[in-house]
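This is protein01.pdb (PDB, C-alpha atoms and all ligand atoms).
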ATOM      1  CA  MET C 886      55.021 -49.735  69.594
ATOM      2  CA  ILE C 887      55.675 -49.569  65.851
ATOM      3  CA  HIS C 888      57.910 -52.215  64.267
ATOM      4  CA  THR C 889      59.073 -52.441  60.671
ATOM      5  CA  THR C 890      59.549 -55.495  58.459
ATOM      6  CA  PRO C 891      63.222 -56.342  57.800
ATOM      7  CA  GLU C 892      63.348 -56.012  53.998
ATOM      8  CA  SER C 893      60.615 -53.691  52.836
ATOM      9  CA  GLN C 894      60.445 -51.556  56.009
ATOM     10  CA  ILE C 895      56.684 -51.780  56.293
ATOM     11  CA  PRO C 896      55.464 -50.408  59.645
ATOM     12  CA  TYR C 897      53.151 -52.503  61.820
ATOM     13  CA  SER C 898      52.112 -53.000  65.406
ATOM     14  CA  ILE C 899      51.431 -56.127  67.450
ATOM     15  CA  ARG C 900      48.425 -56.660  69.697
ATOM     16  CA  VAL C 901      47.656 -59.603  71.956
ATOM     17  CA  SER C 902      44.045 -60.669  72.030
ATOM     18  CA  SER C 903      42.519 -63.440  74.093
ATOM     19  CA  ARG C 904      39.784 -63.792  71.472
ATOM     20  CA  CYS C 905      42.376 -64.579  68.815
ATOM     21  CA  LYS C 906      43.133 -68.277  68.263
ATOM     22  CA  TYR C 907      45.731 -68.021  65.511
ATOM     23  CA  GLY C 908      47.783 -65.105  64.274
ATOM     24  CA  ARG C 909      46.140 -62.703  61.858
ATOM     25  CA  ILE C 910      46.876 -59.345  60.278
ATOM     26  CA  THR C 911      44.472 -56.490  59.854
ATOM     27  CA  PHE C 912      44.967 -53.529  57.550
ATOM     28  CA  LYS C 913      42.978 -50.433  58.420
ATOM     29  CA  ASN C 914      43.542 -46.844  57.344
ATOM     30  CA  GLY C 915      46.928 -47.733  55.926
ATOM     31  CA  LEU C 916      48.153 -49.402  59.123
ATOM     32  CA  PHE C 917      48.984 -53.051  59.700
ATOM     33  CA  GLU C 918      48.231 -54.730  62.992
ATOM     34  CA  VAL C 919      49.324 -58.248  63.802
ATOM     35  CA  VAL C 920      46.950 -59.852  66.292
ATOM     36  CA  ILE C 921      48.324 -62.812  68.215
ATOM     37  CA  PRO C 922      46.764 -65.084  70.835
ATOM     38  CA  PRO C 923      48.119 -64.749  74.422
ATOM     39  CA  HIS C 924      49.883 -68.124  74.391
ATOM     40  CA  LEU C 925      52.173 -67.090  71.537
ATOM     41  CA  LYS C 926      55.271 -64.915  71.946
ATOM     42  CA  GLU C 927      55.727 -61.561  70.240
ATOM     43  CA  ASP C 928      58.446 -63.158  68.073
ATOM     44  CA  TYR C 929      55.720 -65.177  66.439
ATOM     45  CA  GLY C 930      54.031 -61.920  65.416
ATOM     46  CA  HIS C 931      57.246 -60.587  63.862
ATOM     47  CA  LYS C 932      57.780 -63.821  61.960
ATOM     48  CA  PHE C 933      54.183 -63.830  60.814
ATOM     49  CA  MET C 934      54.433 -60.272  59.495
ATOM     50  CA  ALA C 935      57.784 -60.979  57.804
ATOM     51  CA  GLU C 936      56.196 -63.893  55.959
ATOM     52  CA  LYS C 937      53.366 -61.663  54.780
ATOM     53  CA  GLN C 938      55.606 -58.855  53.522
ATOM     54  CA  ALA C 939      54.773 -59.359  49.848
ATOM     55  CA  TRP C 940      51.060 -59.379  50.626
ATOM     56  CA  ALA C 941      51.415 -56.254  52.793
ATOM     57  CA  GLN C 942      53.333 -54.490  50.037
ATOM     58  CA  THR C 943      50.529 -55.262  47.584
ATOM     59  CA  GLN C 944      47.965 -53.813  50.010
ATOM     60  CA  LEU C 945      50.031 -50.636  50.337
ATOM     61  CA  ASN C 946      50.463 -50.343  46.577
ATOM     62  CA  LEU C 947      46.747 -50.776  45.977
ATOM     63  CA  LEU C 948      45.939 -48.139  48.549
ATOM     64  CA  GLN C 949      48.487 -45.725  47.132
ATOM     65  CA  GLN C 950      47.402 -46.308  43.538
ATOM     66  CA  LYS C 951      43.963 -45.074  44.478
ATOM     67  CA  THR C 952      45.470 -41.803  45.617
ATOM     68  CA  ALA C 953      48.571 -41.798  43.459
ATOM     69  CA  SER C 954      49.362 -38.238  42.670
ATOM     70  CA  PHE C 955      52.635 -36.452  43.125
ATOM     71  CA  GLU C 956      54.257 -33.184  42.219
ATOM     72  CA  PRO C 957      56.629 -33.621  39.274
ATOM     73  CA  ARG C 958      60.174 -32.564  40.220
ATOM     74  CA  THR C 959      59.957 -29.933  37.482
ATOM     75  CA  ALA C 960      57.029 -28.823  35.319
ATOM     76  CA  ILE C 961      55.993 -31.057  32.399
ATOM     77  CA  PRO C 962      56.973 -29.262  29.160
ATOM     78  CA  THR C 963      54.305 -27.994  26.797
ATOM     79  CA  THR C 964      56.546 -27.303  23.806
ATOM     80  CA  THR C 965      58.949 -29.360  21.677
ATOM     81  CA  GLU C 966      61.832 -27.175  22.856
ATOM     82  CA  GLY C 967      60.791 -27.861  26.422
ATOM     83  CA  TRP C 968      60.965 -31.628  25.848
ATOM     84  CA  LEU C 969      64.371 -31.338  24.161
ATOM     85  CA  GLU C 970      65.615 -29.341  27.117
ATOM     86  CA  ALA C 971      64.255 -31.980  29.516
ATOM     87  CA  LYS C 972      66.072 -34.684  27.536
ATOM     88  CA  CYS C 973      69.318 -32.723  27.678
ATOM     89  CA  GLN C 974      69.003 -32.033  31.419
ATOM     90  CA  LEU C 975      68.177 -35.637  32.259
ATOM     91  CA  LYS C 976      71.206 -36.806  30.278
ATOM     92  CA  LYS C 977      73.365 -34.542  32.453
ATOM     93  CA  ILE C 978      71.871 -35.971  35.661
ATOM     94  CA  VAL C 979      72.266 -39.571  34.463
ATOM     95  CA  LYS C 980      75.886 -38.886  33.455
ATOM     96  CA  ARG C 981      76.524 -37.453  36.908
ATOM     97  CA  TYR C 982      75.246 -40.685  38.521
ATOM     98  CA  ILE C 983      77.213 -42.865  36.094
ATOM     99  CA  ALA C 984      80.334 -40.912  37.092
ATOM    100  CA  LYS C 985      79.454 -41.338  40.781
ATOM    101  CA  HIS C 986      79.240 -45.143  40.491
ATOM    102  CA  HIS C 987      81.791 -45.619  37.724
ATOM    103  CA  ASN C 988      84.583 -46.936  39.951
ATOM    104  CA  THR C 989      82.547 -49.754  41.428
ATOM    105  CA  LEU C 990      80.075 -50.580  38.646
ATOM    106  CA  GLY C 991      81.669 -49.466  35.375
ATOM    107  CA  ALA C 992      80.020 -47.397  32.652
ATOM    108  CA  PRO C 993      77.879 -48.106  29.571
ATOM    109  CA  LYS C 994      79.360 -47.706  26.078
ATOM    110  CA  GLN C 995      76.547 -45.410  25.039
ATOM    111  CA  LEU C 996      73.765 -43.513  26.763
ATOM    112  CA  LYS C 997      70.432 -42.560  25.229
ATOM    113  CA  ILE C 998      67.433 -40.807  26.740
ATOM    114  CA  LYS C 999      64.314 -42.176  25.060
ATOM    115  CA  ASN C1000      60.555 -42.135  25.107
ATOM    116  CA  MET C1001      59.686 -45.536  26.457
ATOM    117  CA  THR C1002      56.203 -46.688  27.324
ATOM    118  CA  SER C1003      56.797 -49.486  29.793
ATOM    119  CA  ARG C1004      60.394 -49.484  31.007
ATOM    120  CA  TRP C1005      62.422 -47.051  33.079
ATOM    121  CA  GLY C1006      65.742 -48.144  31.739
ATOM    122  CA  SER C1007      67.454 -50.899  29.825
ATOM    123  CA  LEU C1008      70.926 -52.155  29.101
ATOM    124  CA  SER C1009      71.640 -54.036  25.888
ATOM    125  CA  SER C1010      74.132 -56.868  25.522
ATOM    126  CA  LYS C1011      76.307 -54.312  23.696
ATOM    127  CA  GLN C1012      76.284 -52.309  26.953
ATOM    128  CA  ASN C1013      74.198 -49.465  25.600
ATOM    129  CA  MET C1014      72.039 -47.833  28.229
ATOM    130  CA  ASN C1015      68.599 -46.389  27.539
ATOM    131  CA  ILE C1016      66.848 -44.258  30.125
ATOM    132  CA  ASN C1017      63.185 -43.258  30.043
ATOM    133  CA  LEU C1018      62.750 -39.514  29.478
ATOM    134  CA  MET C1019      59.891 -39.336  31.991
ATOM    135  CA  LEU C1020      62.302 -40.088  34.832
ATOM    136  CA  TYR C1021      63.325 -36.451  34.574
ATOM    137  CA  PHE C1022      60.163 -35.585  36.508
ATOM    138  CA  ALA C1023      60.717 -38.177  39.240
ATOM    139  CA  PRO C1024      62.642 -37.442  42.459
ATOM    140  CA  GLU C1025      66.423 -37.691  42.101
ATOM    141  CA  PHE C1026      66.716 -40.764  44.333
ATOM    142  CA  VAL C1027      64.512 -42.576  41.800
ATOM    143  CA  ILE C1028      66.711 -41.457  38.896
ATOM    144  CA  GLU C1029      69.809 -42.631  40.753
ATOM    145  CA  TYR C1030      68.210 -45.988  41.489
ATOM    146  CA  VAL C1031      67.345 -46.643  37.823
ATOM    147  CA  VAL C1032      70.913 -45.725  36.803
ATOM    148  CA  VAL C1033      72.407 -48.008  39.481
ATOM    149  CA  HIS C1034      69.996 -50.786  38.466
ATOM    150  CA  GLU C1035      71.110 -50.622  34.825
ATOM    151  CA  LEU C1036      74.794 -50.295  35.788
ATOM    152  CA  CYS C1037      74.482 -53.472  37.882
ATOM    153  CA  HIS C1038      73.351 -55.252  34.705
ATOM    154  CA  LEU C1039      76.889 -54.676  33.396
ATOM    155  CA  THR C1040      77.907 -57.306  35.979
ATOM    156  CA  HIS C1041      74.756 -59.449  36.111
ATOM    157  CA  MET C1042      72.540 -59.636  33.011
ATOM    158  CA  ASN C1043      69.644 -60.950  35.106
ATOM    159  CA  HIS C1044      67.611 -60.240  38.224
ATOM    160  CA  SER C1045      69.252 -62.894  40.403
ATOM    161  CA  ASN C1046      69.838 -62.550  44.137
ATOM    162  CA  ARG C1047      73.416 -61.531  43.398
ATOM    163  CA  PHE C1048      72.156 -58.790  41.117
ATOM    164  CA  TRP C1049      69.883 -57.384  43.850
ATOM    165  CA  GLN C1050      72.703 -57.642  46.384
ATOM    166  CA  LEU C1051      74.869 -55.503  44.141
ATOM    167  CA  VAL C1052      72.034 -52.982  43.728
ATOM    168  CA  ALA C1053      71.521 -52.824  47.500
ATOM    169  CA  GLN C1054      75.243 -52.351  48.129
ATOM    170  CA  ASN C1055      75.405 -49.413  45.757
ATOM    171  CA  ASP C1056      72.071 -47.757  46.419
ATOM    172  CA  PRO C1057      70.736 -47.845  49.990
ATOM    173  CA  HIS C1058      67.466 -46.243  48.799
ATOM    174  CA  TYR C1059      66.660 -48.834  46.154
ATOM    175  CA  ALA C1060      63.655 -50.343  47.962
ATOM    176  CA  LYS C1061      62.151 -46.912  48.499
ATOM    177  CA  ALA C1062      62.738 -46.058  44.826
ATOM    178  CA  GLU C1063      61.150 -49.331  43.662
ATOM    179  CA  ARG C1064      58.144 -48.516  45.822
ATOM    180  CA  TRP C1065      57.982 -45.020  44.373
ATOM    181  CA  LEU C1066      57.971 -46.385  40.814
ATOM    182  CA  LYS C1067      55.331 -48.990  41.644
ATOM    183  CA  THR C1068      53.145 -46.324  43.186
ATOM    184  CA  PHE C1069      53.614 -43.372  40.848
ATOM    185  CA  GLY C1070      55.081 -44.984  37.729
ATOM    186  CA  ASN C1071      51.836 -45.217  35.816
ATOM    187  CA  THR C1072      50.868 -41.678  36.746
ATOM    188  CA  LEU C1073      54.274 -40.487  35.566
ATOM    189  CA  LEU C1074      53.975 -42.298  32.227
ATOM    190  CA  SER C1075      50.451 -40.986  31.658
ATOM    191  CA  MET C1076      51.740 -37.425  32.118
ATOM    192  CA  HIS C1077      53.803 -37.842  28.971
ATOM    193  CA  HIS C1078      50.829 -39.195  27.104
ATOM    194  CA  LYS C1079      48.590 -36.308  28.167
ATOM    195  CA  ALA C1080      51.266 -33.740  27.358
ATOM    196  CA  SER C1081      51.883 -35.130  23.864
ATOM    197  CA  LEU C1082      48.169 -35.151  23.120
ATOM    198  CA  LYS C1083      48.134 -31.416  23.749
ATOM    199  CA  ASN C1084      50.879 -30.793  21.155
TER     200      ASN C1084
HETATM  201 ZN    ZN H1101      66.771 -54.935  35.367
END
For this file, write the structure as structure tokens.
Amino acid sequence: MIHTTPESQIPYSIRVSSRCKYGRITFKNGLFEVVIPPHLKEDYGHKFMAEKQAWAQTQLNLLQQKTASFEPRTAIPTTTEGWLEAKCQLKKIVKRYIAKHHNTLGAPKQLKIKNMTSRWGSLSSKQNMNINLMLYFAPEFVIEYVVVHELCHLTHMNHSNRFWQLVAQNDPHYAKAERWLKTFGNTLLSMHHKASLKN
């Protein structure tokens, strides 16, 4: 039977082994298996896996980074006009998501789509929002997540538990989107670099 961890939804199975003295986790072919000794209850296995969530996430990220390739949502432009068009289209999408969440989260004073090398979005203390142009090529649920993330900074200018609660309340896919960015983010950023070298 396949279980999933409560927060990060990582799938795993539990196996009882008489040769096992303490709980342990194995990771083979992308699958986690919690091995527990017969005298311990299955609950112990669940607790054990929940405690190791961060570690498990790292293992998954490492595995995925090795094979991190994805199809951009739309083709990467090869001309200056193409990039300007991408910028314009992404602005429309971001505005649509701002409008969607406006009632609960508010709206930034200004919105700019920018070339950024290490961040997906930012919100200044003057409530100006910057969004990374390369997000245009990511799946829409990732774009929405970054917009919601920055909008939540209108309420909390930090990454406190309350901030993440607000994110979770407004975007049920935020964990999946975070995972996507961790896995494919660098690939996505390097696509811009490669494309601009061609110009
Ligand atoms: Zn943030």
Notebook entry, point to check: Residues within 9 Å of ligand ZN 1101 (chain H) (all atoms listed in the file), as a PyMOL selection string?
Noted result: chain C and resi 1006-1008+1031+1034-1035+1037-1038+1042-1044+1048
Margin query: Please list as a list in words every residue within 12 Å of His1041 in chain C, counting only C-alpha atoms and excluding residues in the same chain fewer than 4 positions away.
Written below: Leu990, Leu1008, Ser1009, Ser1010, Gln1012, His1034, Glu1035, Leu1036, Cys1037, Ser1045, Asn1046, Arg1047, Phe1048, Trp1049, Gln1050, Leu1051 and Val1052 of chain C
Check: If we count only C-alpha atoms, what is near range 1015-1027 of chain C at a cut-off of 8 Å, once residues fewer than 6 positions away on the same chain are taken out, given as a list in words?
Finding: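 The neighbour list is Pro957, Arg958, Thr959, Ala960, Ile961, Ala971, Lys972, Gln974, Leu975, Leu996, Lys997, Ile998, Lys999, Asn1000, Met1001, Arg1004, Trp1005, Gly1006, Ser1007, Leu1008, His1058, Tyr1059, Ala1062, Glu1063, Trp1065, Leu1066, Leu1073, Leu1074 and His1077 of chain C.
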Notebook entry, point to check: What is the CA of Thr911 in chain C-CA of Tyr929 in chain C distance in Å, reported with one decimal?
Noted result: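 That distance, rounded to one decimal, is 15.7 Å.
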Check: Selected by the PyMOL selection byres (((chain C and resi 940-950) around 12) and not hetatm) in the shown coordinates: which residues, as JSON, numbers by chain?
Finding: {"C": [889, 890, 892, 893, 894, 895, 896, 897, 910, 911, 912, 913, 914, 915, 916, 917, 918, 919, 933, 934, 935, 936, 937, 938, 939, 951, 952, 953, 954, 955, 1060, 1061, 1063, 1064, 1065, 1066, 1067, 1068, 1069, 1070, 1071, 1072]}
Could you write out the selected residues, including C-alpha atoms, as a compact mmCIF listing (two decimals), keeping the file's coordinate frame?
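And here is the file that came out, out.txt:
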# COMPACT_ATOMS: atom_id res chain seq x y z
CA THR C 889 59.07 -52.44 60.67
CA THR C 890 59.55 -55.50 58.46
CA GLU C 892 63.35 -56.01 54.00
CA SER C 893 60.62 -53.69 52.84
CA GLN C 894 60.44 -51.56 56.01
CA ILE C 895 56.68 -51.78 56.29
CA PRO C 896 55.46 -50.41 59.64
CA TYR C 897 53.15 -52.50 61.82
CA ILE C 910 46.88 -59.34 60.28
CA THR C 911 44.47 -56.49 59.85
CA PHE C 912 44.97 -53.53 57.55
CA LYS C 913 42.98 -50.43 58.42
CA ASN C 914 43.54 -46.84 57.34
CA GLY C 915 46.93 -47.73 55.93
CA LEU C 916 48.15 -49.40 59.12
CA PHE C 917 48.98 -53.05 59.70
CA GLU C 918 48.23 -54.73 62.99
CA VAL C 919 49.32 -58.25 63.80
CA PHE C 933 54.18 -63.83 60.81
CA MET C 934 54.43 -60.27 59.50
CA ALA C 935 57.78 -60.98 57.80
CA GLU C 936 56.20 -63.89 55.96
CA LYS C 937 53.37 -61.66 54.78
CA GLN C 938 55.61 -58.86 53.52
CA ALA C 939 54.77 -59.36 49.85
CA LYS C 951 43.96 -45.07 44.48
CA THR C 952 45.47 -41.80 45.62
CA ALA C 953 48.57 -41.80 43.46
CA SER C 954 49.36 -38.24 42.67
CA PHE C 955 52.64 -36.45 43.12
CA ALA C 1060 63.66 -50.34 47.96
CA LYS C 1061 62.15 -46.91 48.50
CA GLU C 1063 61.15 -49.33 43.66
CA ARG C 1064 58.14 -48.52 45.82
CA TRP C 1065 57.98 -45.02 44.37
CA LEU C 1066 57.97 -46.38 40.81
CA LYS C 1067 55.33 -48.99 41.64
CA THR C 1068 53.14 -46.32 43.19
CA PHE C 1069 53.61 -43.37 40.85
CA GLY C 1070 55.08 -44.98 37.73
CA ASN C 1071 51.84 -45.22 35.82
CA THR C 1072 50.87 -41.68 36.75
Next item on the list: Enter the distance from CA of Pro993 in chain C to CA of Leu1039 in chain C, in Å, rounded to one decimal.
Entry: 7.7 Å
Notebook entry, point to check: In Å, with one decimal, what is the gap from CA of Thr965 in chain C to CA of Ile983 in chain C?
Noted result: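 We find that CA of Thr965 in chain C and CA of Ile983 in chain C lie 26.9 Å from each other.
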Please report, as JSON, the centre and edge lengths in Å to one decimal of an axis-aligned box covering all listed atoms of range 901-910 of chain C with 3 Å per side.
{"center_x": 43.8, "center_y": -63.8, "center_z": 67.2, "size_x": 14.0, "size_y": 14.9, "size_z": 19.8}
